Amino acid sequence: MADDLDRLLDEVEGRLCHRRGGGQEEPAAAKEGRSAKVLMSAGSSEEDLDDIIDEICNDSSFTKTPPKLKSNSASLTPERNCVVVQAHGKRCCPVYLGGSLSPSGIGTNISKRACDQLRCTACDFRVSLFNDYVWDQSCDYLFFRNNMPELSKLRAKMIKKKGARAYACQCSWRSIDELTDLQTEQQLRWVCGKHGE
């Protein structure tokens with residue numbers, strides 16, 4: 001990367017020197033080890049730098065439109081939790097939570113599935129889910145902070161309930177009975193952590 005930066009700086013300096021009439025090319029040995037400091041010589045002022053930047057921006061040899069970058073991602077929409085298709089995984093759009101009777105997998109607007117790859121952006125823990133259980137009313141932050149992800153300790157506050165699903169990370173927890181869009185749960189900072197293909 002440093003070599004790319006040096007080549008870019010050499011090209012910019014070469015174009016500027018050539019345009020200003022000082023166009024002698026430096027020997028290759030002098031170019032070796034050059035850094036960004038070459039633009040900040042002792043006599044340079046902020047106005048000179050602004051002039052140089054303006055000159056570069058107005059140079060007709062540079063293309064006016066940026067090159068199109070190849071992207072493996074779908075077009076992004078302003079909606080939260082959108083699908084981002086990448087080389088190694090897919091994300092739900094929108095993200096759904098659901099009871100144990102809800103199908104699990106990659107959720108979309110057409111195929112409404114409960115996401116089973118949730119990750120919390122607040123505590124950076126993977127969200128655990130437990131089918132046919134709900135959390136006891138006495139659960140609190142310290143309980144999950146001290147006991148996640150040890151199932152043997154968590155069972156102390158789990159209540160069996162057919163069709164429900166208990167979700168938890170280290171800082172948040174929910175008991176869900178039916179398919180629910182995660183956007184309706186504003187206090188949860190859970191996102192889809194990518195599904196394998």
# chains A, B, ... in the order shown; residues from 1 in each chain; ligands from 1

$ residues_around --residues "Phe144 in chain A" --least-positions-apart "4" --cutoff "7 Å" --atoms "only C-alpha atoms" --output "PyMOL selection string"
chain A and resi 140+148+170-171

$ select_by_dssp --residues "range 94-144 of chain A" --states "alpha helix (DSSP H)" --output "list in words"
Tyr141, Leu142, Phe143 and Phe144 of chain A

$ write_last_selection --atoms "all heavy atoms" --output "tab-separated table (two decimals), in the first residue's frame"
chain	number	residue	atom	x	y	z
A	141	TYR	N	-30.74	-7.66	34.23
A	141	TYR	CA	-29.49	-7.49	33.49
A	141	TYR	C	-28.35	-8.29	34.10
A	141	TYR	O	-27.61	-8.97	33.40
A	141	TYR	CB	-29.14	-5.99	33.44
A	141	TYR	CG	-27.78	-5.71	32.88
A	141	TYR	CD1	-27.57	-5.66	31.49
A	141	TYR	CD2	-26.69	-5.48	33.71
A	141	TYR	CE1	-26.32	-5.41	30.97
A	141	TYR	CE2	-25.43	-5.23	33.19
A	141	TYR	CZ	-25.25	-5.20	31.82
A	141	TYR	OH	-24.00	-4.95	31.30
A	142	LEU	N	-28.19	-8.23	35.41
A	142	LEU	CA	-27.07	-8.92	36.07
A	142	LEU	C	-27.16	-10.44	35.93
A	142	LEU	O	-26.13	-11.12	35.82
A	142	LEU	CB	-26.99	-8.54	37.55
A	142	LEU	CG	-26.44	-7.13	37.82
A	142	LEU	CD1	-26.49	-6.82	39.31
A	142	LEU	CD2	-25.04	-6.98	37.29
A	143	PHE	N	-28.37	-10.97	35.90
A	143	PHE	CA	-28.53	-12.41	35.70
A	143	PHE	C	-27.92	-12.84	34.37
A	143	PHE	O	-27.13	-13.79	34.30
A	143	PHE	CB	-30.01	-12.79	35.76
A	143	PHE	CG	-30.27	-14.22	35.37
A	143	PHE	CD1	-29.96	-15.26	36.23
A	143	PHE	CD2	-30.81	-14.51	34.12
A	143	PHE	CE1	-30.19	-16.58	35.85
A	143	PHE	CE2	-31.04	-15.82	33.75
A	143	PHE	CZ	-30.72	-16.86	34.62
A	144	PHE	N	-28.25	-12.11	33.30
A	144	PHE	CA	-27.72	-12.48	31.97
A	144	PHE	C	-26.24	-12.13	31.85
A	144	PHE	O	-25.47	-12.87	31.26
A	144	PHE	CB	-28.53	-11.80	30.87
A	144	PHE	CG	-29.91	-12.38	30.75
A	144	PHE	CD1	-31.00	-11.72	31.28
A	144	PHE	CD2	-30.10	-13.61	30.14
A	144	PHE	CE1	-32.27	-12.26	31.19
A	144	PHE	CE2	-31.37	-14.16	30.05
A	144	PHE	CZ	-32.46	-13.49	30.58

$ closest_residue --among "A:Cys192, A:Val134, A:Cys139, A:Ile53" --to "Tyr96 in chain A" --atoms "only C-alpha atoms"
A:Cys192

$ closest_residue --among "A:Leu179, A:Ala166, A:Leu154, A:Ala122" --to "Leu101 in chain A" --atoms "only C-alpha atoms"
A:Leu179

$ residues_around --residues "range 103-108 of chain A" --least-positions-apart "6" --cutoff "8 Å" --atoms "only C-alpha atoms" --output "list in words"
Lys90, Arg91, Cys92, Cys93, Pro94, Val95, Tyr96, Ala114, Cys115, Asp116 and His195 of chain A
